[in-house]
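Here is protein_39.tsv, consisting of TSV, C-alpha atoms:
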```tsv
chain	number	residue	atom	x	y	z
A	1	THR	CA	-5.03	29.99	6.70
A	2	GLY	CA	-1.62	29.08	5.29
A	3	SER	CA	-0.12	28.93	8.78
A	4	VAL	CA	-2.92	26.69	10.07
A	5	GLU	CA	-2.60	24.41	7.05
A	6	GLY	CA	1.10	23.98	7.73
A	7	GLN	CA	0.40	23.14	11.36
A	8	VAL	CA	-2.24	20.59	10.33
A	9	ARG	CA	0.16	18.85	7.96
A	10	THR	CA	2.82	18.75	10.67
A	11	LEU	CA	0.36	17.21	13.15
A	12	ILE	CA	-0.65	14.55	10.60
A	13	LEU	CA	2.99	13.60	10.00
A	14	ARG	CA	3.64	13.53	13.74
A	15	SER	CA	0.65	11.26	14.29
A	16	GLU	CA	1.87	8.88	11.60
A	17	SER	CA	5.46	8.94	12.85
A	18	ALA	CA	4.37	8.13	16.40
A	19	LEU	CA	2.66	4.92	15.30
A	20	HIS	CA	5.71	3.88	13.32
A	21	VAL	CA	7.86	4.33	16.43
A	22	GLY	CA	5.56	2.02	18.36
A	23	TRP	CA	1.76	1.97	18.46
A	24	THR	CA	1.60	0.78	22.07
A	25	GLU	CA	3.93	3.36	23.57
A	26	GLN	CA	2.97	6.27	21.32
A	27	GLY	CA	-0.69	5.52	20.61
A	28	SER	CA	-2.17	8.21	22.83
A	29	GLN	CA	0.13	10.89	21.42
A	30	SER	CA	-0.63	9.79	17.86
A	31	LEU	CA	-4.37	10.07	18.52
A	32	ALA	CA	-4.03	13.48	20.18
A	33	ASP	CA	-2.04	14.83	17.20
A	34	ALA	CA	-4.53	13.40	14.70
A	35	GLN	CA	-7.51	14.87	16.55
A	36	ALA	CA	-5.82	18.27	16.72
A	37	ALA	CA	-5.12	18.03	12.97
A	38	LEU	CA	-8.79	17.23	12.34
A	39	ARG	CA	-9.92	20.29	14.31
A	40	GLY	CA	-7.53	22.49	12.35
A	41	ALA	CA	-8.60	21.02	9.00
A	42	ARG	CA	-12.25	21.67	9.78
A	43	LEU	CA	-11.38	25.21	10.88
A	44	ILE	CA	-9.92	26.08	7.47
A	45	ASP	CA	-12.58	23.98	5.66
A	46	SER	CA	-10.05	21.85	3.76
A	47	ASN	CA	-11.75	18.69	2.49
A	48	GLY	CA	-8.47	17.02	1.62
A	49	LEU	CA	-6.93	17.60	5.03
A	50	VAL	CA	-10.15	16.59	6.82
A	51	LEU	CA	-10.07	13.23	5.01
A	52	GLU	CA	-6.37	12.77	5.76
A	53	ALA	CA	-6.85	13.63	9.44
A	54	LEU	CA	-9.87	11.31	9.77
A	55	TRP	CA	-7.74	8.48	8.38
A	56	ARG	CA	-5.03	9.15	10.96
A	57	VAL	CA	-7.59	9.43	13.81
A	58	GLY	CA	-9.10	6.08	12.87
A	59	TYR	CA	-5.75	4.32	12.71
A	60	ALA	CA	-4.66	5.73	16.04
A	61	GLN	CA	-7.95	4.71	17.63
A	62	ILE	CA	-7.55	1.13	16.38
A	63	LYS	CA	-3.80	0.54	16.54
A	64	GLY	CA	-2.87	3.05	19.20
A	65	VAL	CA	-5.49	2.95	21.96
A	66	SER	CA	-7.95	0.18	20.93
A	67	ASP	CA	-10.92	2.58	21.08
A	68	LYS	CA	-13.41	0.42	19.15
A	69	ALA	CA	-16.44	2.67	19.64
A	70	GLY	CA	-14.50	5.74	18.55
A	71	ALA	CA	-13.04	3.90	15.57
A	72	GLU	CA	-16.46	2.80	14.36
A	73	GLU	CA	-17.73	6.39	14.43
A	74	THR	CA	-14.59	7.63	12.65
A	75	ILE	CA	-14.97	5.00	9.92
A	76	ARG	CA	-18.60	6.04	9.34
A	77	THR	CA	-17.60	9.71	9.18
A	78	LEU	CA	-14.74	8.99	6.77
A	79	CYS	CA	-17.08	7.00	4.50
A	80	ARG	CA	-19.63	9.83	4.48
A	81	GLU	CA	-17.03	12.50	3.73
A	82	ALA	CA	-15.38	10.39	1.03
A	83	PHE	CA	-18.68	9.87	-0.79
A	84	ARG	CA	-19.69	13.52	-0.33
A	85	THR	CA	-16.48	14.75	-1.95
A	86	GLY	CA	-16.19	11.92	-4.49
A	87	HIS	CA	-12.78	10.97	-3.11
A	88	LEU	CA	-12.45	7.23	-3.77
A	89	GLY	CA	-8.92	7.14	-2.38
A	90	SER	CA	-10.31	8.08	1.03
A	91	MET	CA	-13.12	5.56	0.59
A	92	ARG	CA	-10.43	2.94	0.16
A	93	ARG	CA	-8.77	4.12	3.33
A	94	ALA	CA	-12.06	3.68	5.16
A	95	ILE	CA	-12.17	0.11	3.83
A	96	ARG	CA	-8.66	-0.48	5.15
A	97	LEU	CA	-9.78	0.68	8.58
A	98	ILE	CA	-12.71	-1.76	8.42
A	99	VAL	CA	-10.32	-4.62	7.64
A	100	VAL	CA	-7.86	-3.68	10.38
A	101	PHE	CA	-10.73	-3.27	12.84
A	102	GLY	CA	-12.02	-6.70	11.89
A	103	ASP	CA	-8.60	-8.31	12.29
A	104	LEU	CA	-8.19	-6.88	15.78
A	105	SER	CA	-11.70	-8.06	16.68
A	106	GLY	CA	-10.98	-11.56	15.38
A	107	ASP	CA	-13.64	-11.11	12.68
A	108	GLU	CA	-12.04	-12.30	9.44
A	109	ALA	CA	-15.39	-12.00	7.63
A	110	ASN	CA	-14.78	-8.24	7.73
A	111	CYS	CA	-12.26	-8.71	4.93
A	112	GLU	CA	-14.89	-10.04	2.55
A	113	ARG	CA	-17.49	-7.49	3.68
A	114	ALA	CA	-14.99	-4.67	3.17
A	115	GLY	CA	-14.13	-5.94	-0.29
A	116	ARG	CA	-17.80	-6.05	-1.28
A	117	VAL	CA	-18.42	-2.53	0.08
A	118	GLU	CA	-15.51	-1.04	-1.81
A	119	LEU	CA	-16.28	-2.93	-5.00
A	120	SER	CA	-19.89	-1.72	-5.00
A	121	ALA	CA	-18.83	1.86	-4.19
A	122	VAL	CA	-16.25	1.98	-6.98
A	123	GLU	CA	-18.49	0.37	-9.57
A	124	ALA	CA	-21.48	2.54	-8.65
A	125	LEU	CA	-19.45	5.68	-9.17
A	126	ALA	CA	-18.06	4.27	-12.40
A	127	ARG	CA	-21.51	3.52	-13.79
A	128	ARG	CA	-22.96	6.85	-12.67
A	129	GLY	CA	-20.10	9.19	-13.54
A	130	ILE	CA	-18.17	7.67	-16.40
A	131	ALA	CA	-21.35	6.95	-18.38
A	132	ARG	CA	-22.34	10.61	-18.15
A	133	HIS	CA	-18.78	11.87	-18.64
A	134	ASP	CA	-19.31	14.28	-15.76
A	135	LEU	CA	-16.47	13.43	-13.39
A	136	GLU	CA	-13.63	15.82	-12.71
A	137	ALA	CA	-10.13	14.60	-13.53
A	138	SER	CA	-9.23	14.38	-9.83
A	139	VAL	CA	-12.23	12.09	-9.14
A	140	ILE	CA	-11.34	9.95	-12.17
A	141	ALA	CA	-7.81	9.64	-10.81
A	142	ASN	CA	-9.19	8.37	-7.49
A	143	LEU	CA	-11.53	6.00	-9.32
A	144	GLY	CA	-8.74	4.59	-11.47
A	145	GLU	CA	-6.52	4.18	-8.42
A	146	SER	CA	-9.24	2.26	-6.58
A	147	LEU	CA	-9.98	0.02	-9.57
A	148	ALA	CA	-6.28	-0.84	-9.87
A	149	TYR	CA	-6.11	-1.53	-6.13
A	150	LEU	CA	-9.00	-3.98	-6.53
A	151	GLY	CA	-7.20	-5.76	-9.37
A	152	ALA	CA	-9.52	-4.42	-12.11
A	153	PHE	CA	-6.58	-3.28	-14.22
A	154	GLU	CA	-8.34	-3.22	-17.61
A	155	GLU	CA	-11.09	-1.00	-16.21
A	156	ALA	CA	-8.51	1.21	-14.51
A	157	VAL	CA	-6.69	1.74	-17.80
A	158	ALA	CA	-9.92	2.74	-19.55
A	159	VAL	CA	-10.91	5.16	-16.78
A	160	LEU	CA	-7.48	6.79	-16.50
A	161	ARG	CA	-7.07	7.18	-20.25
A	162	GLN	CA	-10.41	9.00	-20.29
A	163	GLY	CA	-9.22	11.14	-17.39
A	164	LEU	CA	-6.17	12.19	-19.38
A	165	GLN	CA	-8.50	13.74	-21.94
A	166	LYS	CA	-9.77	16.05	-19.17
A	167	GLN	CA	-6.39	16.56	-17.56
A	168	SER	CA	-5.28	19.66	-15.74
A	169	GLU	CA	-1.73	20.63	-14.88
A	170	ILE	CA	-2.18	19.26	-11.36
A	171	GLU	CA	-3.85	15.94	-12.19
A	172	GLU	CA	-1.75	14.83	-15.19
A	173	PRO	CA	1.14	13.20	-13.23
A	174	TRP	CA	-1.35	11.60	-10.84
A	175	LEU	CA	-3.30	10.09	-13.74
A	176	GLU	CA	-0.15	8.95	-15.52
A	177	SER	CA	1.39	7.38	-12.42
A	178	ASN	CA	-1.78	5.40	-11.68
A	179	LEU	CA	-1.96	4.43	-15.35
A	180	ALA	CA	1.57	3.06	-14.97
A	181	VAL	CA	0.38	0.94	-12.01
A	182	ALA	CA	-2.53	-0.43	-14.05
A	183	TYR	CA	-0.34	-1.29	-17.02
A	184	ALA	CA	2.16	-3.01	-14.73
A	185	GLY	CA	-0.70	-5.05	-13.26
A	186	LEU	CA	-1.53	-6.24	-16.78
A	187	GLY	CA	2.09	-7.18	-17.43
A	188	ARG	CA	2.40	-4.45	-20.08
A	189	LEU	CA	5.81	-3.35	-18.85
A	190	GLY	CA	6.64	-1.17	-21.86
A	191	ASP	CA	3.42	0.82	-21.47
A	192	ALA	CA	3.98	1.02	-17.68
A	193	GLN	CA	7.47	2.41	-18.23
A	194	ALA	CA	6.24	4.98	-20.76
A	195	ALA	CA	3.43	6.20	-18.46
A	196	ALA	CA	5.81	6.43	-15.49
A	197	GLU	CA	8.30	8.41	-17.57
A	198	ARG	CA	5.56	10.80	-18.72
A	199	ALA	CA	4.58	11.39	-15.08
A	200	LEU	CA	8.19	12.08	-14.16
A	201	ALA	CA	8.57	14.48	-17.09
A	202	SER	CA	5.85	16.80	-15.74
A	203	SER	CA	7.04	20.27	-14.78
A	204	ASP	CA	4.87	20.50	-11.65
A	205	VAL	CA	7.09	18.59	-9.21
A	206	ALA	CA	6.20	20.56	-6.09
A	207	ARG	CA	2.45	19.93	-6.28
A	208	SER	CA	2.70	16.30	-7.46
A	209	GLN	CA	5.24	14.72	-5.11
A	210	TRP	CA	3.04	11.73	-4.33
A	211	ALA	CA	2.55	11.01	-8.04
A	212	PHE	CA	6.28	11.36	-8.67
A	213	ARG	CA	7.14	8.89	-5.91
A	214	LEU	CA	4.60	6.40	-7.27
A	215	ALA	CA	5.87	6.77	-10.85
A	216	ARG	CA	9.45	6.22	-9.77
A	217	ARG	CA	8.50	3.10	-7.84
A	218	VAL	CA	6.69	1.72	-10.89
A	219	LEU	CA	9.68	2.52	-13.09
A	220	ALA	CA	12.03	0.82	-10.63
A	221	GLY	CA	9.76	-2.23	-10.53
A	222	VAL	CA	9.79	-2.44	-14.32
A	223	LEU	CA	13.59	-2.29	-14.34
A	224	LEU	CA	13.71	-5.10	-11.79
A	225	GLU	CA	11.39	-7.23	-13.94
A	226	GLN	CA	13.67	-6.53	-16.89
A	227	GLY	CA	16.70	-7.77	-14.93
A	228	LYS	CA	18.23	-4.31	-14.42
A	229	PRO	CA	18.69	-4.02	-10.62
A	230	GLU	CA	21.46	-1.42	-10.93
A	231	GLY	CA	19.11	0.95	-12.73
A	232	ALA	CA	16.40	0.34	-10.16
A	233	LEU	CA	18.82	1.10	-7.32
A	234	ALA	CA	19.81	4.42	-8.88
A	235	ILE	CA	16.16	5.51	-8.98
A	236	LEU	CA	15.21	4.20	-5.55
A	237	ASN	CA	18.18	5.53	-3.60
A	238	ASP	CA	17.50	8.97	-5.02
A	239	GLN	CA	13.85	8.68	-3.98
A	240	VAL	CA	14.65	7.71	-0.37
A	241	LEU	CA	16.47	11.01	0.09
A	242	GLY	CA	14.05	13.59	1.40
A	243	SER	CA	11.16	11.18	1.90
A	244	THR	CA	8.87	11.79	4.84
A	245	PRO	CA	7.81	9.22	7.46
A	246	GLY	CA	5.36	6.67	6.10
A	247	GLU	CA	6.13	7.34	2.44
A	248	ASP	CA	9.00	4.97	1.72
A	249	GLY	CA	7.68	1.53	2.69
A	250	MET	CA	7.31	0.22	-0.87
A	251	THR	CA	10.56	1.90	-1.83
A	252	ARG	CA	12.23	-0.21	0.87
A	253	VAL	CA	10.59	-3.35	-0.56
A	254	LEU	CA	11.97	-2.58	-4.02
A	255	LEU	CA	15.41	-1.74	-2.61
A	256	ALA	CA	15.47	-5.11	-0.85
A	257	ARG	CA	14.59	-6.88	-4.10
A	258	ALA	CA	17.28	-4.98	-6.00
A	259	TYR	CA	19.98	-5.69	-3.41
A	260	ALA	CA	19.00	-9.38	-3.33
A	261	ALA	CA	19.25	-9.55	-7.13
A	262	LEU	CA	22.81	-8.22	-6.80
A	263	ASP	CA	23.64	-10.79	-4.06
A	264	ARG	CA	23.93	-8.00	-1.47
A	265	GLY	CA	22.00	-9.97	1.12
A	266	ALA	CA	22.84	-7.94	4.23
A	267	GLU	CA	21.65	-4.69	2.64
A	268	ALA	CA	18.57	-6.45	1.29
A	269	LEU	CA	17.69	-7.73	4.76
A	270	THR	CA	18.14	-4.28	6.33
A	271	GLU	CA	15.75	-2.67	3.84
A	272	ALA	CA	13.23	-5.52	4.09
A	273	LYS	CA	13.15	-5.31	7.89
A	274	LEU	CA	12.44	-1.57	7.66
A	275	ALA	CA	9.64	-2.27	5.18
A	276	VAL	CA	8.06	-4.95	7.39
A	277	ARG	CA	8.20	-2.62	10.39
A	278	HIS	CA	6.54	0.10	8.36
A	279	PHE	CA	3.70	-2.10	7.09
A	280	GLU	CA	2.97	-3.78	10.40
A	281	VAL	CA	0.77	-0.72	11.00
A	282	ALA	CA	-0.64	-0.75	7.48
A	283	GLU	CA	-2.46	-3.41	5.49
A	284	GLU	CA	-2.00	-6.95	4.25
A	285	ARG	CA	-1.21	-6.22	0.61
A	286	GLU	CA	1.86	-4.09	1.26
A	287	LEU	CA	2.86	-6.23	4.24
A	288	LEU	CA	2.85	-9.27	1.93
A	289	SER	CA	5.31	-7.49	-0.37
A	290	ALA	CA	7.55	-6.60	2.58
A	291	VAL	CA	7.52	-10.09	4.09
A	292	LEU	CA	8.35	-11.62	0.71
A	293	ALA	CA	11.23	-9.16	0.28
A	294	ARG	CA	12.58	-10.22	3.67
A	295	ALA	CA	12.20	-13.90	2.74
A	296	VAL	CA	14.17	-13.39	-0.48
A	297	ALA	CA	16.87	-11.50	1.43
A	298	LEU	CA	17.14	-14.30	3.99
A	299	GLU	CA	17.41	-16.90	1.24
A	300	THR	CA	20.17	-14.86	-0.40
A	301	LEU	CA	22.07	-14.71	2.90
A	302	ALA	CA	21.58	-18.44	3.51
A	303	GLY	CA	23.07	-19.17	0.11
A	304	SER	CA	26.23	-17.21	0.92
A	305	ALA	CA	26.57	-18.20	4.60
A	306	LYS	CA	29.95	-19.70	5.49
A	307	HIS	CA	28.85	-21.64	8.57
A	308	ASP	CA	26.15	-24.28	8.88
A	309	LEU	CA	24.70	-22.78	12.05
A	310	GLN	CA	24.39	-19.36	10.43
A	311	ARG	CA	22.82	-20.90	7.32
A	312	ALA	CA	20.32	-22.83	9.43
A	313	GLY	CA	19.30	-19.67	11.27
A	314	TYR	CA	18.62	-17.79	8.04
A	315	LEU	CA	16.64	-20.73	6.64
A	316	THR	CA	14.48	-20.98	9.76
A	317	GLU	CA	13.57	-17.29	9.45
A	318	PHE	CA	13.04	-17.77	5.72
A	319	LYS	CA	10.52	-20.58	6.31
A	320	ALA	CA	8.64	-18.49	8.86
A	321	ASP	CA	8.36	-15.57	6.44
A	322	VAL	CA	7.22	-17.80	3.57
A	323	ARG	CA	4.47	-19.33	5.69
A	324	ARG	CA	3.41	-15.91	6.91
A	325	ALA	CA	3.33	-14.74	3.28
A	326	GLY	CA	0.94	-17.60	2.51
A	327	ILE	CA	-1.44	-16.40	5.23
A	328	LEU	CA	-1.23	-12.80	4.00
A	329	ARG	CA	-1.79	-13.95	0.41
A	330	GLU	CA	-5.08	-15.55	1.39
A	331	LYS	CA	-6.17	-12.51	3.42
A	332	THR	CA	-5.44	-10.24	0.48
A	333	ALA	CA	-7.34	-12.49	-1.92
A	334	ARG	CA	-10.43	-12.29	0.30
A	335	LEU	CA	-10.55	-8.52	-0.24
A	336	LEU	CA	-11.21	-9.13	-3.93
A	337	SER	CA	-14.65	-10.50	-3.30
A	338	ALA	CA	-15.65	-10.79	-6.97
A	339	GLY	CA	-14.57	-14.30	-7.99
A	340	ASN	CA	-12.95	-13.45	-11.32
A	341	ARG	CA	-10.86	-10.68	-9.77
A	342	ARG	CA	-9.80	-12.88	-6.90
A	343	GLU	CA	-8.69	-15.64	-9.27
A	344	SER	CA	-6.95	-13.11	-11.51
A	345	TYR	CA	-5.07	-11.72	-8.52
A	346	LEU	CA	-3.96	-15.17	-7.37
A	347	ALA	CA	-2.89	-16.13	-10.90
A	348	ARG	CA	-1.25	-12.91	-12.08
A	349	ASN	CA	-0.18	-10.74	-9.15
A	350	PRO	CA	3.64	-11.08	-8.83
A	351	ASP	CA	3.59	-11.20	-5.02
A	352	ALA	CA	0.76	-13.74	-4.92
A	353	CYS	CA	2.58	-15.93	-7.45
A	354	LEU	CA	5.92	-15.63	-5.65
A	355	ALA	CA	4.33	-16.57	-2.33
A	356	LYS	CA	2.77	-19.64	-3.97
A	357	ARG	CA	6.08	-20.72	-5.55
A	358	LEU	CA	7.98	-20.35	-2.28
A	359	LEU	CA	5.31	-22.24	-0.34
A	360	GLU	CA	5.49	-25.11	-2.84
A	361	ARG	CA	9.24	-25.36	-2.25
A	362	LEU	CA	8.89	-25.75	1.52
A	363	PRO	CA	8.69	-29.21	3.08
A	364	PRO	CA	5.72	-29.89	5.39
A	365	PRO	CA	6.32	-28.20	8.77
A	366	ASP	CA	7.75	-30.40	11.48
A	367	ALA	CA	7.49	-29.87	15.22
A	368	THR	CA	10.41	-27.44	15.29
A	369	ASP	CA	8.70	-25.32	12.65
A	370	GLU	CA	5.37	-25.08	14.46
A	371	ALA	CA	6.19	-21.81	16.19
A	372	ALA	CA	7.28	-20.30	12.90
A	373	ARG	CA	4.09	-21.50	11.23
A	374	LEU	CA	2.09	-19.57	13.79
A	375	GLY	CA	4.17	-16.45	13.27
A	376	ASP	CA	1.46	-14.23	11.77
A	377	SER	CA	2.33	-11.49	14.24
A	378	PRO	CA	4.55	-8.41	14.22
A	379	ALA	CA	8.21	-9.32	13.77
```
Write-out of the structure in structure tokens:
Amino acid sequence: TGSVEGQVRTLILRSESALHVGWTEQGSQSLADAQAALRGARLIDSNGLVLEALWRVGYAQIKGVSDKAGAEETIRTLCREAFRTGHLGSMRRAIRLIVVFGDLSGDEANCERAGRVELSAVEALARRGIARHDLEASVIANLGESLAYLGAFEEAVAVLRQGLQKQSEIEEPWLESNLAVAYAGLGRLGDAQAAAERALASSDVARSQWAFRLARRVLAGVLLEQGKPEGALAILNDQVLGSTPGEDGMTRVLLARAYAALDRGAEALTEAKLAVRHFEVAEERELLSAVLARAVALETLAGSAKHDLQRAGYLTEFKADVRRAGILREKTARLLSAGNRRESYLARNPDACLAKRLLERLPPPDATDEAARLGDSPA
């Protein structure tokens, strides 16, 4: 069983890596690896690996080979398995597939439908399970993560704090790292830093690598908000070492922000471009962060450019990224289909606010900017 599990994990990573190389050229190989991983996961009856493999199959079907019928069946299966196991993180992944599928089909209404589906799923589980106090810590961690993803940060804090009362050695860093995310979403940076540091202080590094990476990203983000880019760089550069494909996209975003804050524009642009490339095959929320990081890097380079032509080139790219960020901001807001959460996101989310500020600084597009305005496509 151990040997098969290792092979399944390798196939999942290979499937993900293939799409990051190029979903057109490598799509068929990515799908084949994901399907082989799914067969292996079912063979050893591993719920976690089955959910992970289904996620990779669905993405490869949509982004890699445009198999709409297959993708629809995979999404339904992933939803069923996620509900059966109580794994809200995988439910959220199914929602992401619905949104991506809708975007490729030209059906923007899918964003709002997906938001409503996830919201109802999360809240139904919250009402049923939290009221009876009968959820395992791992399910509470998934629930808190999904609530934070939806922008319901106060509810996420309440759920995760309850989960910590039921903690096990495995779940504690996961709960603490998601609690750090929720506190950061509320602007409670001191509490976010404390939760992230508690997650990092756990002794069970080997079994909690995902939680450790998340906690370190939150801690780096807090340091950036506190005007300490050097400290953020020290954490982030250490995290990049040893990361596996598909795990360092948000780390690249934060690196770009830190380099830009230190007026290291070229390094900021390099990291931001890597982040954008990573999230072109992901979802709007993270892609918004990456595009904004690239915009800030381009503005930093424009400010230090020695030649007018070079400065103009950076500013043209900057305008295109800002306008694209505006489009992504609106797409992301549509996912939060409950009105108060949508308005809260637009008013409080740092990326949403930054996109708004940058858009307000831009002059109305002229004819030469029209192509950039339409640039909501892979860069």
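Pairwise distance (CA of Ala325 in chain A, CA of Ala355 in chain A) equals 6.0 Å.
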For Asp45 in chain A: contacts at 12 Å, only C-alpha atoms, fewer than 5 positions along chain excluded, given as a PyMOL selection string: chain A and resi 1+4-5+8+38-40+50-51
Given the selection you just returned, output its residues as a file containing C-alpha atoms, formatted as a PDB file, in the coordinates of the input.
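Contents of the output file selection24.pdb:
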```pdb
ATOM      1  CA  THR A   1      -5.030  29.990   6.700  1.00  0.00           C
ATOM      2  CA  VAL A   4      -2.920  26.690  10.070  1.00  0.00           C
ATOM      3  CA  GLU A   5      -2.600  24.410   7.050  1.00  0.00           C
ATOM      4  CA  VAL A   8      -2.240  20.590  10.330  1.00  0.00           C
ATOM      5  CA  LEU A  38      -8.790  17.230  12.340  1.00  0.00           C
ATOM      6  CA  ARG A  39      -9.920  20.290  14.310  1.00  0.00           C
ATOM      7  CA  GLY A  40      -7.530  22.490  12.350  1.00  0.00           C
ATOM      8  CA  VAL A  50     -10.150  16.590   6.820  1.00  0.00           C
ATOM      9  CA  LEU A  51     -10.070  13.230   5.010  1.00  0.00           C
TER      10      LEU A  51
END
```
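If all atoms listed in the file are the atoms counted, then among A:Ala302, A:Ala69, A:Ala347, A:Leu358 the closest residue to Gly326 in chain A is A:Leu358.
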Find the residues around Tyr259 in chain A up to 9 Å (only C-alpha atoms counted), leave out those fewer than 3 positions away in its own chain, and share them as an MDAnalysis selection string. chainID A and resid 229:230 233 254:256 262:269 271 297
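Closest approach to Leu359 in chain A from the set A:Ala53, A:Thr77, A:Val218, A:Arg324 is made by A:Arg324, with distances taken over only C-alpha atoms.
The point (6.1, -13.9, -4.6) has these residues within 10 Å of it, counting only C-alpha atoms: Leu288, Ser289, Val291, Leu292, Ala293, Ala295, Val296, Val322, Ala325, Gly326, Arg329, Asn349, Pro350, Asp351, Ala352, Cys353, Leu354, Ala355, Lys356, Arg357, Leu358 and Leu359 of chain A.
Non-sequential neighbours of Trp210 in chain A (distance at most 8 Å, separation of 3 or more positions within a chain, only C-alpha atoms) are Trp174, Arg213 and Leu214 of chain A.
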Just-selected residues, C-alpha atoms written as a short mmCIF file (atom, residue, chain, number, x, y, z; two decimals), keeping the file's coordinate frame:
```
data_model
loop_
_atom_site.label_atom_id
_atom_site.label_comp_id
_atom_site.auth_asym_id
_atom_site.auth_seq_id
_atom_site.Cartn_x
_atom_site.Cartn_y
_atom_site.Cartn_z
CA TRP A 174 -1.35 11.60 -10.84
CA ARG A 213 7.14 8.89 -5.91
CA LEU A 214 4.60 6.40 -7.27
#
```
